[in-house]
2 protein chains.
Amino acid sequence: MSLLFIGTVALDTLETPYGQAERIAGGSATYASLAASYFAKDINIVAVIGNDFPKADLKSFEEHQINLEGLQIKEDEKSFFWSGRYHADMNSRDTLITDLNVLENFDPVIPASYQNCTYLMLGNLTPGIQKKVIESMHTRPKLIVLDTMNFWMDIMLDDLIEVLSMIDVLTINDEEARQLSGEYSLVKAARKILAMGPKYLVIKKGEHGALLFSADNVFYAPALPLEDVFDPTGAGDTFAGGFIGYLAKSEDLSFDTFKKAIIHGSAMASFCVEKFGTDRLKHLSQQEITDRVARFVSLTTFAV
Amino acid sequence: MSLLFIGTVALDTLETPYGQAERIAGGSATYASLAASYFAKDINIVAVIGNDFPKADLKSFEEHQINLEGLQIKEDEKSFFWSGRYHADMNSRDTLITDLNVLENFDPVIPASYQNCTYLMLGNLTPGIQKKVIESMHTRPKLIVLDTMNFWMDIMLDDLIEVLSMIDVLTINDEEARQLSGEYSLVKAARKILAMGPKYLVIKKGEHGALLFSADNVFYAPALPLEDVFDPTGAGDTFAGGFIGYLAKSEDLSFDTFKKAIIHGSAMASFCVEKFGTDRLKHLSQQEITDRVARFVSLTTFAV
């Protein structure tokens, strides 16, 4: 049950109605690996940073027993940097700055010690890089989860469709599912997307929860209604990390286990948004997670 | 377990991407009472129509054992008429025509034979009329459910707030909950709205399901992901009718029963949108309803 995350380790400057945070650790691999670390052991990262990534945050990875052998450090360059401002409703945001920096020439190299990884999470990168990573694994992982976004559907659709034929689980949001399939009905969209290769489709709907589709089944997990959403950054990556982390821990790929994984991912995402950046994800107890999952049970359970 | 619906019985001309329907029976009391008729007996309507309402549709009410003694027929006037066109996504629509006609001077009169009604559903009418209906009941019903909309929040907020202090359950959508409370977080919005009087708040989120709040509890019911939404008209009223119908049948007002009522309302709404107008609601079997509710169980059930 070894896990490999390929994605970004970045610096973010954020502004929400609740305050501001400058150059804090972010990126898909950061959020996802931290979330997964509460479920699985033997977690490995492939990403790239520059000379400006805080040592304290590298230490955080280590405290969570996340292996950084595949983390490339470019001593003469800067880390991938994103700056954004959230609107009052927290559901929309303006991107102020995107500096690719080290990401521009990112060439993920899988260390020999990672080659046995059985669960692979491909964060939102160019479809070409995602494909290269899959091909560079000597043995195909037991489960490949891929995250992507509308940007790649706009400019690299053929590449994206190629890599979709190589994976097991696709995670996208509802608008992206509609764009990728050309269908407004999510049921029809799911059928078309599953025909492209993935055995499972996870449709992330933010405050409206998540839908899980397989060929024969569908499951709807709500998002937890929260008093305050402090900072939504990283919620989707945290969801994905909790999801694959739970699957890796369970060592079972039945639809029932996928449902539980969706709930655990949702629980982790509900923590993520309660503080800025990764603050809330760094110091969770197993009891807090158990209690949070219990709230999802209470939120959704009815007897007929 | 007698039920009273006050609302509209109307004629609608609809255009959706799937086709057109001209001057078909619609209105909140129509959809709600038909939905409730699958659960409860002794269902009564107070509404007003003109000389143009089809006899066949009046017969439909009778076939569903819906009592029309309180249905006023204005022989020299026309029925309330609404015409609308749905956009391709079915989530938004343009109103083309709204002819109030008989609704302009609607003065609901509660027949003596309705005075024993224990469950009262106040459809979306002016808050003043809703208040008058409550005051004209000799005995306060066991449960009063009220539906309203942003329009009354815009122009008659004081009247609306007054009637909210007299009811048990408010049903509105998420945008309306935010407008009424001034809070974006639905948790905070619910707290403020429950402080205005209702013991329960049902937030309808269309394709994203529904949230039920009480002072101490929250429940999230998904909407059933559907292959096609043929015509969304009346889905909210159908939901409300199935909801109060199930409560009336159960004769129990615990939170657990409310949860089941929300699921049964959602199931009825999922039928409603499968055909134009009330077509699907007219001829359902108990087995179809049982099977549909089972799909909600399968959609939401997980074991942790």
# chains A, B, ... in the order shown; residues from 1 in each chain; ligands from 1
>>> interface_residues(of="chain A", to="chain B", cutoff="10 Å", atoms="only C-alpha atoms", output="PyMOL selection string")
chain A and resi 88-90+183-189+205+207-212+217-229+255-264+290+293-304
>>> select_by_dssp(residues="stretch 33-255 of chain A", states="strand (DSSP E or B)", output="ChimeraX atom specification")
/A:43-49,66-73,81-86,93-99,119-122,143-147,169-173,200-204,210-213,218-221
>>> write_last_selection(atoms="C-alpha atoms", output="CSV table (one decimal), in the first residue's frame")
chain,number,residue,atom,x,y,z
A,43,ILE,CA,3.9,8.1,0.9
A,44,ASN,CA,6.1,9.4,-1.8
A,45,ILE,CA,6.2,12.7,-3.8
A,46,VAL,CA,7.6,13.7,-7.2
A,47,ALA,CA,7.5,17.4,-7.7
A,48,VAL,CA,9.9,20.4,-8.2
A,49,ILE,CA,10.6,23.4,-6.0
A,66,ILE,CA,6.3,11.7,3.5
A,67,ASN,CA,9.2,10.6,1.4
A,68,LEU,CA,10.8,13.5,-0.5
A,69,GLU,CA,13.5,11.6,-2.5
A,70,GLY,CA,11.6,12.5,-5.7
A,71,LEU,CA,11.4,16.2,-4.9
A,72,GLN,CA,13.7,18.1,-7.2
A,73,ILE,CA,15.2,21.2,-5.7
A,81,PHE,CA,3.9,30.7,-7.4
A,82,TRP,CA,0.2,31.4,-7.4
A,83,SER,CA,-1.6,34.4,-6.0
A,84,GLY,CA,-5.4,34.7,-5.9
A,85,ARG,CA,-8.2,36.6,-4.2
A,86,TYR,CA,-11.5,35.0,-3.2
A,93,ARG,CA,-11.8,33.8,-7.2
A,94,ASP,CA,-9.6,35.9,-9.3
A,95,THR,CA,-6.1,34.7,-10.1
A,96,LEU,CA,-3.7,37.7,-9.6
A,97,ILE,CA,-0.4,36.1,-10.5
A,98,THR,CA,0.7,32.7,-11.9
A,99,ASP,CA,4.5,32.4,-12.1
A,119,TYR,CA,-1.4,3.7,-5.8
A,120,LEU,CA,-0.6,6.6,-8.1
A,121,MET,CA,-2.2,10.0,-7.9
A,122,LEU,CA,-1.5,12.3,-10.9
A,143,LEU,CA,-4.7,2.1,-9.1
A,144,ILE,CA,-4.1,5.3,-11.1
A,145,VAL,CA,-6.1,8.4,-10.1
A,146,LEU,CA,-5.9,11.4,-12.4
A,147,ASP,CA,-6.9,15.0,-11.8
A,169,VAL,CA,-10.2,7.1,-11.7
A,170,LEU,CA,-10.8,10.6,-13.1
A,171,THR,CA,-11.6,13.4,-10.7
A,172,ILE,CA,-13.0,16.6,-12.2
A,173,ASN,CA,-15.7,19.1,-11.4
A,200,TYR,CA,-14.6,5.4,-11.9
A,201,LEU,CA,-15.5,9.0,-12.3
A,202,VAL,CA,-15.5,11.3,-9.3
A,203,ILE,CA,-17.4,14.6,-10.0
A,204,LYS,CA,-16.4,17.2,-7.4
A,210,ALA,CA,-19.3,14.8,-4.9
A,211,LEU,CA,-20.7,12.1,-7.2
A,212,LEU,CA,-19.1,8.8,-7.8
A,213,PHE,CA,-19.9,6.9,-10.9
A,218,VAL,CA,-23.7,5.9,-8.5
A,219,PHE,CA,-23.1,7.4,-5.1
A,220,TYR,CA,-23.7,10.9,-3.8
A,221,ALA,CA,-21.6,12.3,-0.9
>>> residues_around(residues="A:Glu77", least_positions_apart="2", cutoff="6 Å", atoms="only C-alpha atoms", output="ChimeraX atom specification")
/A:50,74-75
>>> write_last_selection(atoms="all heavy atoms", output="CSV table (one decimal), in the first residue's frame")
chain,number,residue,atom,x,y,z
A,50,GLY,N,11.9,25.5,-6.0
A,50,GLY,CA,13.1,26.3,-6.2
A,50,GLY,C,13.8,26.6,-4.9
A,50,GLY,O,13.6,25.8,-3.9
A,74,LYS,N,15.6,23.0,-7.4
A,74,LYS,CA,16.4,23.8,-8.4
A,74,LYS,C,17.0,25.0,-7.6
A,74,LYS,O,16.2,26.0,-7.4
A,74,LYS,CB,15.5,24.3,-9.5
A,74,LYS,CG,14.7,23.1,-10.2
A,74,LYS,CD,15.6,22.4,-11.2
A,74,LYS,CE,14.8,21.3,-12.0
A,74,LYS,NZ,15.7,20.5,-12.8
A,75,GLU,N,18.3,24.9,-7.3
A,75,GLU,CA,18.9,25.9,-6.4
A,75,GLU,C,18.9,27.3,-7.0
A,75,GLU,O,19.0,28.3,-6.3
A,75,GLU,CB,20.3,25.4,-6.0
A,75,GLU,CG,20.3,24.3,-5.0
A,75,GLU,CD,19.5,24.6,-3.7
A,75,GLU,OE1,19.2,25.7,-3.4
A,75,GLU,OE2,19.3,23.6,-2.9
>>> closest_residue(among="B:Phe151, B:Ser37, B:Gly241, B:Leu3", to="B:Cys117", atoms="only C-alpha atoms")
B:Leu3
>>> residues_around(residues="A:Gln115", least_positions_apart="2", cutoff="8 Å", atoms="only C-alpha atoms", output="JSON, numbers by chain")
{"A": [110, 111, 112, 113, 117, 137, 138, 139]}
>>> write_last_selection(atoms="C-alpha atoms", output="mmCIF file, in the first residue's frame")
data_model
loop_
_atom_site.group_PDB
_atom_site.id
_atom_site.type_symbol
_atom_site.label_atom_id
_atom_site.label_comp_id
_atom_site.auth_asym_id
_atom_site.auth_seq_id
_atom_site.Cartn_x
_atom_site.Cartn_y
_atom_site.Cartn_z
ATOM 1 C CA ILE A 110 10.579 8.471 -10.635
ATOM 2 C CA PRO A 111 13.314 7.297 -8.232
ATOM 3 C CA ALA A 112 14.030 3.559 -8.206
ATOM 4 C CA SER A 113 12.746 3.357 -4.638
ATOM 5 C CA CYS A 117 4.260 2.130 -5.583
ATOM 6 C CA MET A 137 6.577 3.089 -13.940
ATOM 7 C CA HIS A 138 8.146 -0.357 -14.447
ATOM 8 C CA THR A 139 5.039 -2.062 -13.121
#
>>> select_by_dssp(residues="stretch 109-149 of chain A", states="alpha helix (DSSP H)", output="list in words")
Pro127, Gly128, Ile129, Gln130, Lys131, Lys132, Val133, Ile134, Glu135 and Ser136 of chain A
>>> residues_around(residues="A:Ala56", least_positions_apart="4", cutoff="12 Å", atoms="only C-alpha atoms", output="ChimeraX atom specification")
/A:24-25,52,60-63,282
>>> atom_distance(atom1="atom CA of B:Leu247", atom2="atom CA of B:Thr118")
10.9 Å
>>> residues_around(residues="B:Glu22", least_positions_apart="5", cutoff="10 Å", atoms="only C-alpha atoms", output="mmCIF file with all heavy atoms, in the first residue's frame")
data_model
loop_
_atom_site.group_PDB
_atom_site.id
_atom_site.type_symbol
_atom_site.label_atom_id
_atom_site.label_comp_id
_atom_site.auth_asym_id
_atom_site.auth_seq_id
_atom_site.Cartn_x
_atom_site.Cartn_y
_atom_site.Cartn_z
ATOM 1 N N LEU B 11 -52.652 27.708 -15.553
ATOM 2 C CA LEU B 11 -52.351 27.182 -16.886
ATOM 3 C C LEU B 11 -50.939 27.633 -17.268
ATOM 4 O O LEU B 11 -50.591 28.799 -17.092
ATOM 5 C CB LEU B 11 -53.369 27.700 -17.910
ATOM 6 C CG LEU B 11 -54.780 27.135 -17.744
ATOM 7 C CD1 LEU B 11 -55.736 27.811 -18.721
ATOM 8 C CD2 LEU B 11 -54.785 25.620 -17.967
ATOM 9 N N ASP B 12 -50.165 26.709 -17.778
ATOM 10 C CA ASP B 12 -48.780 27.003 -18.154
ATOM 11 C C ASP B 12 -48.553 26.670 -19.628
ATOM 12 O O ASP B 12 -49.009 25.626 -20.099
ATOM 13 C CB ASP B 12 -47.801 26.134 -17.343
ATOM 14 C CG ASP B 12 -47.793 26.467 -15.854
ATOM 15 O OD1 ASP B 12 -48.192 27.592 -15.497
ATOM 16 O OD2 ASP B 12 -47.387 25.592 -15.059
ATOM 17 N N THR B 13 -47.823 27.532 -20.289
ATOM 18 C CA THR B 13 -47.293 27.189 -21.610
ATOM 19 C C THR B 13 -45.777 27.124 -21.493
ATOM 20 O O THR B 13 -45.135 28.086 -21.067
ATOM 21 C CB THR B 13 -47.727 28.221 -22.667
ATOM 22 O OG1 THR B 13 -49.124 28.053 -22.924
ATOM 23 C CG2 THR B 13 -46.973 28.024 -23.982
ATOM 24 N N LEU B 14 -45.233 25.969 -21.818
ATOM 25 C CA LEU B 14 -43.827 25.701 -21.536
ATOM 26 C C LEU B 14 -43.071 25.347 -22.790
ATOM 27 O O LEU B 14 -43.594 24.675 -23.674
ATOM 28 C CB LEU B 14 -43.705 24.487 -20.609
ATOM 29 C CG LEU B 14 -44.556 24.494 -19.354
ATOM 30 C CD1 LEU B 14 -44.575 23.111 -18.755
ATOM 31 C CD2 LEU B 14 -43.990 25.506 -18.382
ATOM 32 N N GLU B 15 -41.815 25.766 -22.815
ATOM 33 C CA GLU B 15 -40.941 25.336 -23.895
ATOM 34 C C GLU B 15 -39.638 24.861 -23.274
ATOM 35 O O GLU B 15 -39.001 25.595 -22.522
ATOM 36 C CB GLU B 15 -40.698 26.543 -24.813
ATOM 37 C CG GLU B 15 -40.209 26.167 -26.187
ATOM 38 C CD GLU B 15 -39.932 27.419 -27.015
ATOM 39 O OE1 GLU B 15 -40.753 28.356 -27.004
ATOM 40 O OE2 GLU B 15 -38.866 27.455 -27.649
ATOM 41 N N SER B 83 -46.130 31.611 -18.810
ATOM 42 C CA SER B 83 -45.452 31.003 -19.952
ATOM 43 C C SER B 83 -43.951 31.210 -19.806
ATOM 44 O O SER B 83 -43.488 32.310 -19.467
ATOM 45 C CB SER B 83 -45.973 31.642 -21.238
ATOM 46 O OG SER B 83 -45.144 31.289 -22.325
#
>>> atom_distance(atom1="atom CA of B:Asp158", atom2="atom CA of B:Arg140")
22.2 Å
>>> residues_around(residues="A:Ala35", least_positions_apart="4", cutoff="10 Å", atoms="only C-alpha atoms", output="mmCIF file with N, CA, C and O atoms, in the first residue's frame")
data_model
loop_
_atom_site.group_PDB
_atom_site.id
_atom_site.type_symbol
_atom_site.label_atom_id
_atom_site.label_comp_id
_atom_site.auth_asym_id
_atom_site.auth_seq_id
_atom_site.Cartn_x
_atom_site.Cartn_y
_atom_site.Cartn_z
ATOM 1 N N ALA A 29 0.328 18.369 -4.732
ATOM 2 C CA ALA A 29 1.007 17.253 -4.062
ATOM 3 C C ALA A 29 1.136 17.524 -2.562
ATOM 4 O O ALA A 29 1.134 16.595 -1.750
ATOM 5 N N THR A 30 1.243 18.797 -2.192
ATOM 6 C CA THR A 30 1.341 19.148 -0.779
ATOM 7 C C THR A 30 0.046 18.792 -0.047
ATOM 8 O O THR A 30 0.046 18.055 0.945
ATOM 9 N N TYR A 31 -1.082 19.354 -0.542
ATOM 10 C CA TYR A 31 -2.367 19.091 0.107
ATOM 11 C C TYR A 31 -2.705 17.594 0.089
ATOM 12 O O TYR A 31 -3.132 17.021 1.092
ATOM 13 N N PHE A 39 -3.972 8.282 6.642
ATOM 14 C CA PHE A 39 -4.525 6.950 6.376
ATOM 15 C C PHE A 39 -3.446 5.940 6.018
ATOM 16 O O PHE A 39 -3.463 4.816 6.485
ATOM 17 N N ALA A 40 -2.518 6.361 5.165
ATOM 18 C CA ALA A 40 -1.572 5.407 4.601
ATOM 19 C C ALA A 40 -0.149 5.715 5.052
ATOM 20 O O ALA A 40 0.176 6.835 5.445
ATOM 21 N N HIS A 64 5.249 14.151 8.684
ATOM 22 C CA HIS A 64 4.132 13.287 8.257
ATOM 23 C C HIS A 64 4.638 12.046 7.520
ATOM 24 O O HIS A 64 3.868 11.367 6.860
ATOM 25 N N ASP A 237 -7.686 19.044 -3.820
ATOM 26 C CA ASP A 237 -6.513 18.179 -3.712
ATOM 27 C C ASP A 237 -6.530 17.406 -2.392
ATOM 28 O O ASP A 237 -6.123 16.244 -2.334
ATOM 29 N N THR A 238 -7.012 18.060 -1.336
ATOM 30 C CA THR A 238 -7.119 17.394 -0.041
ATOM 31 C C THR A 238 -8.135 16.258 -0.127
ATOM 32 O O THR A 238 -7.912 15.156 0.398
ATOM 33 N N PHE A 239 -9.236 16.527 -0.798
ATOM 34 C CA PHE A 239 -10.253 15.495 -1.040
ATOM 35 C C PHE A 239 -9.611 14.298 -1.745
ATOM 36 O O PHE A 239 -9.755 13.148 -1.312
ATOM 37 N N ALA A 240 -8.882 14.572 -2.816
ATOM 38 C CA ALA A 240 -8.265 13.497 -3.604
ATOM 39 C C ALA A 240 -7.251 12.725 -2.767
ATOM 40 O O ALA A 240 -7.153 11.494 -2.854
ATOM 41 N N GLY A 241 -6.495 13.442 -1.943
ATOM 42 C CA GLY A 241 -5.488 12.783 -1.094
ATOM 43 C C GLY A 241 -6.126 11.885 -0.048
ATOM 44 O O GLY A 241 -5.684 10.753 0.176
ATOM 45 N N GLY A 242 -7.189 12.380 0.608
ATOM 46 C CA GLY A 242 -7.896 11.555 1.590
ATOM 47 C C GLY A 242 -8.526 10.341 0.926
ATOM 48 O O GLY A 242 -8.518 9.229 1.469
ATOM 49 N N PHE A 243 -9.049 10.574 -0.282
ATOM 50 C CA PHE A 243 -9.700 9.505 -1.056
ATOM 51 C C PHE A 243 -8.720 8.371 -1.385
ATOM 52 O O PHE A 243 -8.948 7.210 -1.041
ATOM 53 N N ILE A 244 -7.602 8.708 -1.999
ATOM 54 C CA ILE A 244 -6.654 7.653 -2.400
ATOM 55 C C ILE A 244 -5.934 7.087 -1.178
ATOM 56 O O ILE A 244 -5.622 5.888 -1.128
ATOM 57 N N GLY A 245 -5.731 7.921 -0.168
ATOM 58 C CA GLY A 245 -5.113 7.440 1.074
ATOM 59 C C GLY A 245 -5.981 6.371 1.733
ATOM 60 O O GLY A 245 -5.493 5.325 2.169
ATOM 61 N N TYR A 246 -7.294 6.639 1.766
ATOM 62 C CA TYR A 246 -8.199 5.664 2.371
ATOM 63 C C TYR A 246 -8.233 4.373 1.559
ATOM 64 O O TYR A 246 -8.227 3.268 2.119
ATOM 65 N N HIS A 264 -14.331 9.832 3.349
ATOM 66 C CA HIS A 264 -13.111 10.237 4.066
ATOM 67 C C HIS A 264 -12.416 11.406 3.360
ATOM 68 O O HIS A 264 -11.888 12.303 4.013
ATOM 69 N N GLY A 265 -12.409 11.384 2.026
ATOM 70 C CA GLY A 265 -11.864 12.532 1.295
ATOM 71 C C GLY A 265 -12.650 13.800 1.593
ATOM 72 O O GLY A 265 -12.073 14.872 1.800
ATOM 73 N N ALA A 267 -14.366 14.438 4.261
ATOM 74 C CA ALA A 267 -14.081 14.839 5.643
ATOM 75 C C ALA A 267 -12.769 15.620 5.703
ATOM 76 O O ALA A 267 -12.688 16.675 6.357
ATOM 77 N N MET A 268 -11.738 15.139 5.005
ATOM 78 C CA MET A 268 -10.453 15.842 5.002
ATOM 79 C C MET A 268 -10.594 17.225 4.370
ATOM 80 O O MET A 268 -10.031 18.213 4.858
ATOM 81 N N ALA A 269 -11.364 17.315 3.289
ATOM 82 C CA ALA A 269 -11.570 18.611 2.639
ATOM 83 C C ALA A 269 -12.286 19.579 3.576
ATOM 84 O O ALA A 269 -12.011 20.782 3.575
ATOM 85 N N PHE A 271 -11.953 19.772 6.741
ATOM 86 C CA PHE A 271 -10.933 20.339 7.643
ATOM 87 C C PHE A 271 -10.124 21.413 6.919
ATOM 88 O O PHE A 271 -9.868 22.485 7.450
ATOM 89 N N CYS A 272 -9.716 21.071 5.695
ATOM 90 C CA CYS A 272 -8.795 21.934 4.939
ATOM 91 C C CYS A 272 -9.272 23.385 4.897
ATOM 92 O O CYS A 272 -8.490 24.314 5.080
ATOM 93 N N THR A 278 -2.378 24.942 4.507
ATOM 94 C CA THR A 278 -2.330 23.582 5.059
ATOM 95 C C THR A 278 -2.390 23.580 6.590
ATOM 96 O O THR A 278 -2.223 22.526 7.212
ATOM 97 N N LEU A 281 -4.517 20.972 8.192
ATOM 98 C CA LEU A 281 -4.165 19.595 7.813
ATOM 99 C C LEU A 281 -2.923 19.087 8.519
ATOM 100 O O LEU A 281 -2.639 17.892 8.527
ATOM 101 N N LYS A 282 -2.157 20.013 9.094
ATOM 102 C CA LYS A 282 -0.864 19.614 9.660
ATOM 103 C C LYS A 282 -1.004 18.903 10.989
ATOM 104 O O LYS A 282 -0.166 18.095 11.345
ATOM 105 N N LEU A 284 -3.899 17.153 12.731
ATOM 106 C CA LEU A 284 -5.186 16.518 13.020
ATOM 107 C C LEU A 284 -4.957 15.252 13.836
ATOM 108 O O LEU A 284 -3.945 14.575 13.683
#
>>> atom_distance(atom1="atom CA of B:Arg178", atom2="atom CA of B:Ser33")
28.4 Å
>>> closest_residue(among="B:Ser285, B:Gly277, B:Ile6, B:Lys78", to="B:Ile129", atoms="only C-alpha atoms")
B:Ile6
